[in-house]
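Here is model.csv, consisting of CSV, C-alpha atoms:
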```csv
chain,number,residue,atom,x,y,z
W,1,MET,CA,127.6,125.4,93.9
W,2,SER,CA,131.2,124.9,95.0
W,3,ARG,CA,132.4,126.8,98.0
W,4,ALA,CA,136.0,125.5,97.5
W,5,VAL,CA,137.4,128.9,96.3
W,6,PRO,CA,140.0,131.0,98.1
W,7,VAL,CA,138.8,134.3,99.6
W,8,PRO,CA,140.6,137.0,97.6
W,9,HIS,CA,142.7,139.6,99.6
W,10,GLY,CA,142.0,142.7,97.7
W,11,LEU,CA,140.1,143.1,94.5
W,12,PRO,CA,141.6,141.2,91.6
W,13,MET,CA,142.5,143.8,88.9
W,14,ASP,CA,144.9,142.1,86.6
W,15,ARG,CA,143.3,141.9,83.1
W,16,ASP,CA,145.3,138.8,82.3
W,17,ALA,CA,142.5,137.4,80.0
W,18,GLY,CA,142.8,140.2,77.5
W,19,PRO,CA,142.2,143.9,77.1
W,20,PHE,CA,138.4,143.5,76.9
W,21,ASP,CA,137.8,140.8,79.5
W,22,PRO,CA,137.4,140.8,83.3
W,23,PRO,CA,140.3,139.6,85.3
W,24,SER,CA,140.2,135.8,85.2
W,25,ALA,CA,140.2,135.6,89.0
W,26,ILE,CA,136.9,137.5,89.0
W,27,THR,CA,135.5,135.2,86.3
W,28,ARG,CA,136.4,132.1,88.4
W,29,LEU,CA,134.8,133.6,91.5
W,30,ARG,CA,131.6,134.4,89.6
W,31,ASP,CA,131.3,130.9,88.3
W,32,ALA,CA,132.0,129.3,91.7
W,33,ARG,CA,130.5,131.8,94.1
W,34,PRO,CA,128.8,134.8,92.6
W,35,VAL,CA,128.4,136.4,96.1
W,36,SER,CA,131.8,135.9,97.6
W,37,PRO,CA,133.7,137.2,100.7
W,38,LEU,CA,136.5,139.7,100.0
W,39,ILE,CA,139.2,140.7,102.3
W,40,PHE,CA,140.1,144.4,102.1
W,41,PRO,CA,143.7,145.7,102.6
W,42,ASP,CA,143.0,146.7,106.2
W,43,GLY,CA,141.8,143.2,107.0
W,44,HIS,CA,138.1,144.1,107.0
W,45,GLU,CA,135.9,141.4,105.4
W,46,GLY,CA,133.4,142.6,102.8
W,47,TRP,CA,131.8,141.0,99.8
W,48,LEU,CA,132.3,140.9,96.0
W,49,VAL,CA,129.2,140.4,93.9
W,50,THR,CA,129.7,139.2,90.3
W,51,GLY,CA,126.7,137.1,89.2
W,52,TYR,CA,124.1,138.8,87.0
W,53,ASP,CA,121.1,138.0,89.1
W,54,ALA,CA,122.7,139.0,92.3
W,55,VAL,CA,124.1,142.2,90.9
W,56,ARG,CA,120.7,143.2,89.5
W,57,ARG,CA,119.0,142.4,92.8
W,58,LEU,CA,121.5,144.3,94.8
W,59,LEU,CA,121.3,147.5,92.6
W,60,ALA,CA,117.5,147.4,93.0
W,61,ASP,CA,117.6,147.0,96.8
W,62,THR,CA,117.9,150.4,98.5
W,63,ARG,CA,119.0,148.6,101.7
W,64,PHE,CA,122.3,148.6,100.0
W,65,SER,CA,123.3,152.2,100.5
W,66,SER,CA,125.3,154.3,98.1
W,67,ARG,CA,126.5,156.6,100.9
W,68,PRO,CA,130.2,156.2,101.5
W,69,ASP,CA,129.9,158.2,104.7
W,70,ILE,CA,128.1,155.3,106.4
W,71,GLY,CA,130.5,152.6,105.2
W,72,ILE,CA,133.3,151.1,107.2
W,73,LEU,CA,135.7,151.9,104.4
W,74,HIS,CA,136.5,155.2,102.9
W,75,VAL,CA,135.9,155.3,99.1
W,76,PRO,CA,136.4,159.0,98.1
W,77,TYR,CA,133.3,160.3,96.4
W,78,GLU,CA,132.1,156.8,95.2
W,79,THR,CA,134.9,156.5,92.7
W,80,PRO,CA,135.7,152.9,91.8
W,81,GLY,CA,138.9,151.4,93.0
W,82,MET,CA,140.0,150.0,96.3
W,83,PRO,CA,139.4,152.1,99.4
W,84,VAL,CA,142.3,154.3,100.5
W,85,ALA,CA,141.5,154.9,104.2
W,86,THR,CA,139.5,153.4,107.0
W,87,GLU,CA,137.2,156.2,108.0
W,88,PRO,CA,133.9,157.4,106.5
W,89,SER,CA,133.8,160.0,103.7
W,90,PRO,CA,131.7,163.1,104.3
W,91,GLN,CA,128.7,163.5,102.0
W,92,VAL,CA,129.3,165.9,99.2
W,93,PRO,CA,126.4,168.3,98.5
W,94,GLY,CA,124.9,167.7,95.0
W,95,LEU,CA,126.8,164.4,94.4
W,96,PHE,CA,123.6,162.4,94.2
W,97,ILE,CA,125.3,159.3,92.9
W,98,ALA,CA,126.6,158.9,96.4
W,99,MET,CA,123.2,159.5,98.1
W,100,ASP,CA,120.1,157.4,99.0
W,101,PRO,CA,116.5,158.4,98.8
W,102,PRO,CA,115.0,160.8,99.7
W,103,ASP,CA,118.1,163.1,99.2
W,104,HIS,CA,118.9,161.3,95.9
W,105,THR,CA,115.3,161.5,94.8
W,106,ARG,CA,115.1,165.3,95.4
W,107,LEU,CA,118.2,166.1,93.4
W,108,ARG,CA,117.7,163.6,90.6
W,109,ARG,CA,114.2,164.9,90.0
W,110,LYS,CA,115.6,168.3,89.2
W,111,LEU,CA,117.3,166.7,86.1
W,112,THR,CA,114.9,164.2,84.7
W,113,GLY,CA,113.3,166.7,82.4
W,114,ALA,CA,116.6,167.6,80.8
W,115,PHE,CA,117.4,164.0,80.0
W,116,THR,CA,114.1,162.6,78.7
W,117,VAL,CA,114.1,160.2,75.7
W,118,ARG,CA,112.2,162.9,73.8
W,119,ARG,CA,114.7,165.6,74.6
W,120,MET,CA,117.6,163.4,73.7
W,121,LYS,CA,116.0,162.4,70.3
W,122,GLN,CA,115.7,166.1,69.5
W,123,LEU,CA,119.5,166.3,70.0
W,124,GLU,CA,120.2,163.5,67.6
W,125,GLU,CA,120.7,165.6,64.5
W,126,HIS,CA,123.0,168.0,66.4
W,127,ILE,CA,125.1,165.1,67.7
W,128,VAL,CA,125.5,163.8,64.2
W,129,ASP,CA,126.7,167.2,63.1
W,130,VAL,CA,129.2,167.3,66.0
W,131,VAL,CA,130.5,163.9,64.9
W,132,GLU,CA,130.8,164.9,61.3
W,133,ARG,CA,132.7,168.1,62.1
W,134,GLN,CA,135.2,166.1,64.1
W,135,LEU,CA,135.6,163.6,61.3
W,136,ASP,CA,136.2,166.6,58.9
W,137,GLU,CA,139.0,167.8,61.1
W,138,MET,CA,140.5,164.3,61.3
W,139,GLU,CA,140.6,164.1,57.5
W,140,HIS,CA,143.4,166.7,57.4
W,141,LEU,CA,145.6,165.4,60.2
W,142,THR,CA,149.0,163.8,59.7
W,143,GLN,CA,148.8,160.0,60.0
W,144,PRO,CA,148.6,158.0,62.2
W,145,VAL,CA,145.9,159.7,64.3
W,146,ASP,CA,145.3,159.2,68.0
W,147,LEU,CA,141.6,158.3,68.0
W,148,VAL,CA,141.2,159.3,71.7
W,149,LYS,CA,142.6,162.8,71.3
W,150,GLU,CA,141.1,163.6,68.0
W,151,PHE,CA,137.7,161.9,68.2
W,152,ALA,CA,136.6,159.9,71.2
W,153,LEU,CA,137.3,162.6,73.7
W,154,PRO,CA,136.2,165.7,71.7
W,155,VAL,CA,132.8,164.4,70.6
W,156,PRO,CA,131.2,163.8,74.1
W,157,SER,CA,133.1,166.8,75.5
W,158,LEU,CA,131.6,169.1,72.9
W,159,VAL,CA,128.1,167.7,73.4
W,160,ILE,CA,128.1,167.9,77.2
W,161,CYS,CA,129.7,171.4,77.2
W,162,GLU,CA,126.9,172.7,75.0
W,163,LEU,CA,124.2,170.9,77.1
W,164,LEU,CA,125.5,172.2,80.4
W,165,GLY,CA,126.7,175.6,79.3
W,166,VAL,CA,130.4,175.0,79.9
W,167,PRO,CA,132.7,176.9,77.6
W,168,TYR,CA,134.4,174.3,75.4
W,169,GLU,CA,137.5,176.4,75.3
W,170,ASP,CA,137.9,175.5,79.0
W,171,ARG,CA,138.1,171.8,78.2
W,172,GLU,CA,141.8,171.7,79.1
W,173,THR,CA,140.9,172.6,82.7
W,174,PHE,CA,138.3,170.0,83.2
W,175,GLN,CA,139.7,167.2,81.1
W,176,VAL,CA,143.1,167.3,82.7
W,177,ASN,CA,141.8,167.5,86.3
W,178,THR,CA,139.1,164.8,85.6
W,179,ALA,CA,141.9,162.5,84.4
W,180,LYS,CA,143.9,163.2,87.5
W,181,PHE,CA,140.9,162.6,89.8
W,182,LEU,CA,140.3,159.2,88.2
W,183,ILE,CA,143.8,157.8,88.8
W,184,LYS,CA,143.5,154.7,90.9
W,185,ASP,CA,146.7,154.4,92.9
W,186,GLN,CA,147.2,157.8,94.3
W,187,GLY,CA,147.0,159.4,97.7
W,188,LEU,CA,144.0,161.3,98.9
W,189,ASP,CA,145.9,164.6,98.8
W,190,GLU,CA,146.5,164.2,95.0
W,191,LYS,CA,142.9,163.2,94.4
W,192,MET,CA,141.5,166.1,96.4
W,193,ALA,CA,143.8,168.6,94.6
W,194,ALA,CA,142.3,167.6,91.3
W,195,TYR,CA,138.8,167.7,92.8
W,196,GLY,CA,139.5,171.1,94.3
W,197,ALA,CA,140.7,172.5,91.0
W,198,LEU,CA,137.6,171.2,89.2
W,199,THR,CA,135.2,172.5,91.9
W,200,ALA,CA,136.9,175.9,92.0
W,201,TYR,CA,136.4,176.2,88.3
W,202,LEU,CA,132.8,175.1,88.5
W,203,ALA,CA,132.1,177.5,91.5
W,204,GLU,CA,133.0,180.4,89.2
W,205,LEU,CA,130.9,179.0,86.4
W,206,VAL,CA,127.9,178.5,88.8
W,207,ALA,CA,128.2,182.1,90.0
W,208,VAL,CA,128.0,183.3,86.4
W,209,LYS,CA,125.0,181.2,85.8
W,210,ARG,CA,123.2,182.5,88.9
W,211,ALA,CA,124.0,186.1,87.9
W,212,ALA,CA,123.1,185.8,84.2
W,213,PRO,CA,121.5,182.4,83.4
W,214,GLY,CA,121.4,181.3,79.7
W,215,GLU,CA,119.7,178.5,77.8
W,216,ASP,CA,121.5,175.4,79.2
W,217,ILE,CA,121.1,172.8,82.0
W,218,LEU,CA,123.3,174.6,84.6
W,219,SER,CA,121.4,177.8,84.0
W,220,ASP,CA,118.1,176.0,84.5
W,221,LEU,CA,119.4,174.6,87.8
W,222,ALA,CA,120.8,178.0,88.8
W,223,ARG,CA,117.3,179.5,88.6
W,224,ASP,CA,116.1,177.0,91.2
W,225,ASP,CA,116.2,178.6,94.6
W,226,ASP,CA,115.8,175.2,96.3
W,227,LEU,CA,119.4,174.3,95.3
W,228,THR,CA,122.3,175.7,97.2
W,229,VAL,CA,125.5,176.9,95.5
W,230,GLU,CA,127.3,173.9,96.9
W,231,GLU,CA,124.7,171.5,95.5
W,232,LEU,CA,124.9,173.2,92.1
W,233,ILE,CA,128.7,172.7,92.1
W,234,GLY,CA,128.3,169.0,93.1
W,235,ILE,CA,125.7,168.4,90.4
W,236,ALA,CA,127.9,170.2,87.8
W,237,PHE,CA,130.9,168.1,88.7
W,238,LEU,CA,129.0,164.9,88.4
W,239,LEU,CA,127.4,165.7,85.1
W,240,LEU,CA,130.6,167.0,83.5
W,241,LEU,CA,132.7,164.1,84.6
W,242,ALA,CA,130.1,161.4,83.7
W,243,GLY,CA,129.0,163.3,80.6
W,244,HIS,CA,132.4,163.0,78.8
W,245,GLU,CA,134.6,160.4,80.5
W,246,THR,CA,132.4,157.3,80.2
W,247,THR,CA,131.3,157.9,76.6
W,248,ALA,CA,134.8,158.9,75.5
W,249,ASN,CA,136.2,155.7,76.8
W,250,MET,CA,133.4,153.6,75.3
W,251,LEU,CA,134.1,155.2,71.9
W,252,ALA,CA,137.8,154.5,72.0
W,253,LEU,CA,137.6,151.1,73.6
W,254,GLY,CA,134.7,150.1,71.4
W,255,ALA,CA,136.6,151.1,68.2
W,256,PHE,CA,139.6,149.0,69.5
W,257,ALA,CA,137.3,146.0,70.1
W,258,LEU,CA,135.7,146.3,66.6
W,259,LEU,CA,139.2,146.6,65.0
W,260,GLU,CA,140.2,143.4,66.8
W,261,HIS,CA,137.0,141.7,65.5
W,262,PRO,CA,137.2,142.5,61.8
W,263,GLU,CA,134.4,140.2,60.8
W,264,GLN,CA,132.0,142.0,63.2
W,265,LEU,CA,133.3,145.4,62.0
W,266,ALA,CA,132.7,144.4,58.3
W,267,GLU,CA,129.1,143.3,59.1
W,268,LEU,CA,128.4,146.5,60.9
W,269,ARG,CA,129.8,148.6,58.1
W,270,ALA,CA,127.7,146.7,55.6
W,271,ASP,CA,124.5,147.0,57.6
W,272,PRO,CA,124.3,150.3,59.6
W,273,ASP,CA,120.8,149.2,60.8
W,274,LEU,CA,122.7,146.9,63.2
W,275,MET,CA,124.1,149.9,65.0
W,276,PRO,CA,121.6,150.1,67.9
W,277,ASP,CA,122.2,146.4,68.8
W,278,ALA,CA,125.9,146.7,68.3
W,279,VAL,CA,126.1,149.6,70.7
W,280,GLU,CA,124.2,147.7,73.3
W,281,GLU,CA,126.5,144.7,72.8
W,282,LEU,CA,129.6,146.8,73.1
W,283,MET,CA,128.3,148.3,76.3
W,284,ARG,CA,127.7,144.7,77.6
W,285,TYR,CA,131.0,143.4,76.4
W,286,LEU,CA,133.2,146.3,77.7
W,287,ALA,CA,131.5,148.0,80.7
W,288,VAL,CA,134.1,150.7,81.1
W,289,ALA,CA,132.6,151.9,84.5
W,290,ASP,CA,132.9,148.4,86.0
W,291,ILE,CA,133.4,148.6,89.8
W,292,PHE,CA,130.9,150.2,92.2
W,293,TYR,CA,130.5,150.1,96.0
W,294,ARG,CA,127.5,149.6,98.2
W,295,TYR,CA,127.1,149.4,102.0
W,296,ALA,CA,124.6,147.1,103.8
W,297,THR,CA,122.4,149.0,106.2
W,298,GLU,CA,121.0,145.8,107.7
W,299,ASP,CA,121.6,142.1,107.5
W,300,ILE,CA,120.6,141.2,103.9
W,301,GLU,CA,120.3,137.8,102.2
W,302,LEU,CA,121.7,137.8,98.7
W,303,GLY,CA,122.5,134.8,96.5
W,304,GLY,CA,122.4,132.4,99.4
W,305,GLU,CA,124.7,134.4,101.5
W,306,THR,CA,124.0,136.7,104.5
W,307,ILE,CA,125.7,140.1,104.1
W,308,GLY,CA,126.0,141.6,107.5
W,309,GLN,CA,125.0,145.1,108.4
W,310,GLY,CA,127.8,147.6,107.8
W,311,SER,CA,129.5,145.4,105.2
W,312,THR,CA,131.2,147.0,102.2
W,313,VAL,CA,130.0,145.3,99.0
W,314,VAL,CA,132.0,145.6,95.7
W,315,VAL,CA,129.9,145.1,92.5
W,316,SER,CA,131.5,144.1,89.2
W,317,LEU,CA,129.2,145.1,86.3
W,318,LEU,CA,131.5,143.6,83.7
W,319,ALA,CA,131.5,140.2,85.4
W,320,ALA,CA,127.7,140.4,85.6
W,321,ASN,CA,127.5,141.3,81.9
W,322,ARG,CA,129.7,138.2,81.1
W,323,ASP,CA,127.6,135.8,83.2
W,324,PRO,CA,126.8,132.7,81.1
W,325,LEU,CA,123.6,132.2,83.1
W,326,ARG,CA,122.3,135.3,81.5
W,327,PHE,CA,124.0,135.6,78.1
W,328,ASP,CA,124.9,132.8,75.7
W,329,ASN,CA,128.6,132.7,74.9
W,330,PRO,CA,129.1,135.9,76.9
W,331,ASP,CA,132.8,136.3,76.2
W,332,ASN,CA,132.1,136.6,72.4
W,333,LEU,CA,131.4,140.0,70.9
W,334,ASP,CA,128.3,139.5,68.8
W,335,ILE,CA,126.7,142.6,67.2
W,336,HIS,CA,123.6,140.5,66.4
W,337,ARG,CA,123.0,139.8,70.0
W,338,LYS,CA,120.0,141.3,71.7
W,339,ALA,CA,121.9,142.5,74.8
W,340,ARG,CA,118.9,144.2,76.4
W,341,GLY,CA,119.3,144.0,80.2
W,342,GLN,CA,123.0,144.6,80.1
W,343,LEU,CA,124.0,146.4,83.3
W,344,SER,CA,126.6,148.9,82.1
W,345,PHE,CA,124.2,151.8,82.8
W,346,GLY,CA,123.4,150.4,86.2
W,347,HIS,CA,120.0,149.4,87.5
W,348,GLY,CA,117.5,150.7,90.1
W,349,VAL,CA,117.3,154.2,91.4
W,350,HIS,CA,120.9,155.0,90.2
W,351,LEU,CA,120.2,153.9,86.6
W,352,CYS,CA,122.4,156.2,84.5
W,353,LEU,CA,120.6,159.5,83.9
W,354,GLY,CA,122.4,160.2,80.6
W,355,GLN,CA,122.0,156.7,79.1
W,356,GLN,CA,120.0,157.8,76.1
W,357,LEU,CA,122.5,160.6,75.4
W,358,ALA,CA,125.4,158.1,75.6
W,359,ARG,CA,123.6,155.8,73.2
W,360,LEU,CA,123.0,158.5,70.7
W,361,GLU,CA,126.7,159.6,70.9
W,362,MET,CA,128.0,156.1,70.4
W,363,ARG,CA,125.6,155.3,67.5
W,364,ALA,CA,126.5,158.5,65.7
W,365,GLY,CA,130.2,158.2,66.5
W,366,PHE,CA,130.7,154.6,65.4
W,367,ALA,CA,128.5,155.0,62.3
W,368,GLY,CA,130.4,158.1,61.2
W,369,LEU,CA,133.8,156.6,61.8
W,370,LEU,CA,133.1,153.4,59.9
W,371,ARG,CA,131.4,155.2,57.0
W,372,ARG,CA,134.0,157.9,56.6
W,373,PHE,CA,137.1,155.6,56.9
W,374,PRO,CA,136.4,152.2,55.4
W,375,ALA,CA,140.1,151.3,55.6
W,376,LEU,CA,140.4,152.2,59.4
W,377,GLN,CA,143.1,150.1,61.1
W,378,LEU,CA,145.3,150.1,64.1
W,379,ALA,CA,148.7,151.8,63.5
W,380,VAL,CA,150.4,149.8,66.2
W,381,PRO,CA,150.2,146.1,67.2
W,382,ALA,CA,147.2,145.5,69.5
W,383,GLY,CA,149.6,144.5,72.4
W,384,GLU,CA,151.1,148.0,72.3
W,385,VAL,CA,147.9,149.9,72.9
W,386,LYS,CA,148.1,151.7,76.2
W,387,LEU,CA,145.3,150.4,78.4
W,388,ARG,CA,143.8,152.5,81.2
W,389,THR,CA,144.4,149.8,83.9
W,390,ASP,CA,145.6,152.7,86.1
W,391,MET,CA,142.3,154.5,85.9
W,392,ASN,CA,138.9,154.1,87.6
W,393,ILE,CA,137.1,154.3,84.2
W,394,TYR,CA,138.6,151.7,81.9
W,395,GLY,CA,139.6,152.3,78.3
W,396,VAL,CA,142.7,153.2,76.3
W,397,HIS,CA,145.0,156.1,76.9
W,398,GLU,CA,145.8,156.4,73.2
W,399,LEU,CA,144.6,154.5,70.1
W,400,PRO,CA,146.9,155.2,67.1
W,401,VAL,CA,145.0,154.4,63.9
W,402,ARG,CA,145.5,154.8,60.1
W,403,LEU,CA,142.5,156.3,58.4
W,404,ARG,CA,143.5,155.3,54.9
W,405,PRO,CA,145.9,152.8,53.3
W,406,VAL,CA,149.6,153.7,53.6
W,407,SER,CA,149.9,154.1,49.9
W,408,THR,CA,147.5,157.1,49.9
W,409,TYR,CA,149.5,159.2,52.4
```
In structure tokens, how does this file's structure come out?
Amino acid sequence: MSRAVPVPHGLPMDRDAGPFDPPSAITRLRDARPVSPLIFPDGHEGWLVTGYDAVRRLLADTRFSSRPDIGILHVPYETPGMPVATEPSPQVPGLFIAMDPPDHTRLRRKLTGAFTVRRMKQLEEHIVDVVERQLDEMEHLTQPVDLVKEFALPVPSLVICELLGVPYEDRETFQVNTAKFLIKDQGLDEKMAAYGALTAYLAELVAVKRAAPGEDILSDLARDDDLTVEELIGIAFLLLLAGHETTANMLALGAFALLEHPEQLAELRADPDLMPDAVEELMRYLAVADIFYRYATEDIELGGETIGQGSTVVVSLLAANRDPLRFDNPDNLDIHRKARGQLSFGHGVHLCLGQQLARLEMRAGFAGLLRRFPALQLAVPAGEVKLRTDMNIYGVHELPVRLRPVSTY
């Protein structure tokens, strides 16, 4: 393996290879040195892990901590993006994505019953109904339609609101502040203002659930005396953010990818039984939640390199999902591919709790969209689609589409 590759100063973020591909600089690093040194803006040397095998091993190794409070660099609340300061973040109660066992285990265990495969399968019919109602509303809209605003964002928002017991009429509050929280290049003050607005809203909601619990996940958690109010707020924040932002961006970016691969779209429309494999492949191909951080708690050997204790390690799930050592022709979208083992939901103790819910929402969403609108097409040139390169969860800001041929308007 060649070591004649320059050490990057800062994480390469320029998606110069296309809207669906990792930055070419990251691809070159993966092919030359899948565990590579990385110089952070403050001069601290950490590591960038891009190879499939190395990423999978790292995520399964709890010696790589998820706690930003023990890291050299400050990554606020484990949001992807380059660190903004050089002092540790405090741990946030309830935010178990940024915890290690046993704290992580204790909180996650409270939720496993709510997200079992069996419970999610019971929701399948309801999710299809949500999708169909949203498609009904789209039928009557003036063309072109923004698929993000009118479909990709409402569907998972409606589902997660019902599951958690969050009033859907409050969506403006949490959608706007979630979007602000996920902006990459902003100061800590702006990020914390958005976080504060979200947690203030959720604090009021948690108080209501504790006083008069209903039949929803937050109410079930509120009945648990082992959880503090602060922990309830942190859990609610994490579930609400993850429960609508990631799936919304997968629905929109996935639709964009299919429209840019018309032969794949036509095959999928002709054979809906391909949908489970197609969703798995879109997850592999797009990986909207791409960049994550870990912190070495001791000297650890990984991919032939020694990662020193205290090092900050950046993980690219998208680069790993495009590793030719794991997937044949990885830069091709292939809905016939068996993409089992793709890492977009993570791996190890932090494997996405809501992965089955996300799969059901994407299967129902793409199936309904393709069935209802056989003439679906972009309403603007692909190069004019506004990409979320400024956000910590990738996707598109807007996706203007035509639902029917122009002559039928």
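Coordinates place CA of Glu124 (chain W) at a distance of 27.5 Å from CA of Ala179 (chain W).
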Revision key, fill the gap. One residue among W:Val206, W:Leu11, W:Ala289, W:Ala54 is nearest to Asp323 (chain W) when using only C-alpha atoms, and that residue is W:Ala54
Practice item. For Met192 (chain W), work out the shell of residues within 12 Å, counting only C-alpha atoms and skipping chain neighbours fewer than 2 positions away, then give it as a list in words. Key: Pro76, Tyr77, Asn177, Thr178, Lys180, Phe181, Leu182, Ile183, Gln186, Gly187, Leu188, Asp189, Glu190, Ala194, Tyr195, Gly196, Ala197, Leu198, Thr199 and Ala200 of chain W
Point to revise | Surrounding residues of Lys338 (chain W) excluding itself and chain neighbours under 6 positions, 12 Å, all atoms listed in the file, as a list in words | key: Leu274, Met275, Pro276, Asp277, Ala278, Val279, Glu280, Glu281, Leu282, Met283, Arg284, Arg326, Phe327, Asp328 and Pro330 of chain W
Review point. Using only C-alpha atoms, which residues sit within 12 Å of Glu45 (chain W) once same-chain residues fewer than 5 positions away are excluded, as a PyMOL selection string?
Key: chain W and resi 7-11+36-40+72-73+307-314
Check your understanding: Mind pulling up the distance from CA of Arg294 (chain W) to CA of Asp16 (chain W)?
Key -> 26.2 Å
Check your understanding: Neighbours of region 364-373 of chain W within 6 Å (all atoms listed in the file; same-chain residues fewer than 4 positions away dropped), as a list in words?
Key -> Val128, Val131 and Leu403 of chain W
Point to revise | Using all atoms listed in the file: which of W:Ile160, W:Ala203, W:Leu241, W:Ala212 has the shortest distance to Val176 (chain W) | key: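 Nearest candidate to Val176 (chain W) out of W:Ile160, W:Ala203, W:Leu241, W:Ala212: W:Leu241.
Between Asn321 (chain W) and the candidates W:Pro154, W:Gly18, W:Pro405, W:Gly51, the tightest atom-to-atom separation, counting all atoms listed in the file, involves W:Gly51.
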Exercise for review: Using only C-alpha atoms, find all polymer residues with an atom at most 12 Å away from the point (150.6, 145.6, 62.6); report them as a list in words.
Suggested key: Leu259, Glu260, Gln377, Leu378, Ala379, Val380, Pro381, Ala382, Gly383, Glu384, Val385, Pro400, Val401 and Arg402 of chain W
Some atoms are absent from region 167-179 of chain W, so rebuild N, CA and C atoms and return them as a CSV table (one decimal), keeping the file's coordinate frame.
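Everything below was put into selection_19.csv:
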```
chain,number,residue,atom,x,y,z
W,167,PRO,N,131.9,176.5,78.7
W,167,PRO,CA,132.7,176.9,77.6
W,167,PRO,C,133.6,175.8,77.1
W,168,TYR,N,133.5,175.4,75.8
W,168,TYR,CA,134.4,174.3,75.4
W,168,TYR,C,135.9,174.7,75.4
W,169,GLU,N,136.1,176.0,75.3
W,169,GLU,CA,137.5,176.4,75.3
W,169,GLU,C,138.2,176.1,76.7
W,170,ASP,N,137.4,175.8,77.7
W,170,ASP,CA,137.9,175.5,79.0
W,170,ASP,C,138.1,174.0,79.2
W,171,ARG,N,138.0,173.2,78.1
W,171,ARG,CA,138.1,171.8,78.2
W,171,ARG,C,139.4,171.3,78.8
W,172,GLU,N,140.5,172.1,78.5
W,172,GLU,CA,141.8,171.7,79.1
W,172,GLU,C,141.7,171.6,80.6
W,173,THR,N,141.1,172.6,81.2
W,173,THR,CA,140.9,172.6,82.7
W,173,THR,C,140.2,171.3,83.2
W,174,PHE,N,139.0,171.0,82.6
W,174,PHE,CA,138.3,170.0,83.2
W,174,PHE,C,138.7,168.6,82.7
W,175,GLN,N,139.3,168.5,81.5
W,175,GLN,CA,139.7,167.2,81.1
W,175,GLN,C,141.0,166.7,81.8
W,176,VAL,N,141.9,167.6,82.0
W,176,VAL,CA,143.1,167.3,82.7
W,176,VAL,C,142.8,166.9,84.2
W,177,ASN,N,142.0,167.7,84.9
W,177,ASN,CA,141.8,167.5,86.3
W,177,ASN,C,140.9,166.3,86.5
W,178,THR,N,139.9,166.0,85.5
W,178,THR,CA,139.1,164.8,85.6
W,178,THR,C,140.0,163.6,85.5
W,179,ALA,N,141.0,163.6,84.6
W,179,ALA,CA,141.9,162.5,84.4
W,179,ALA,C,142.7,162.3,85.7
```
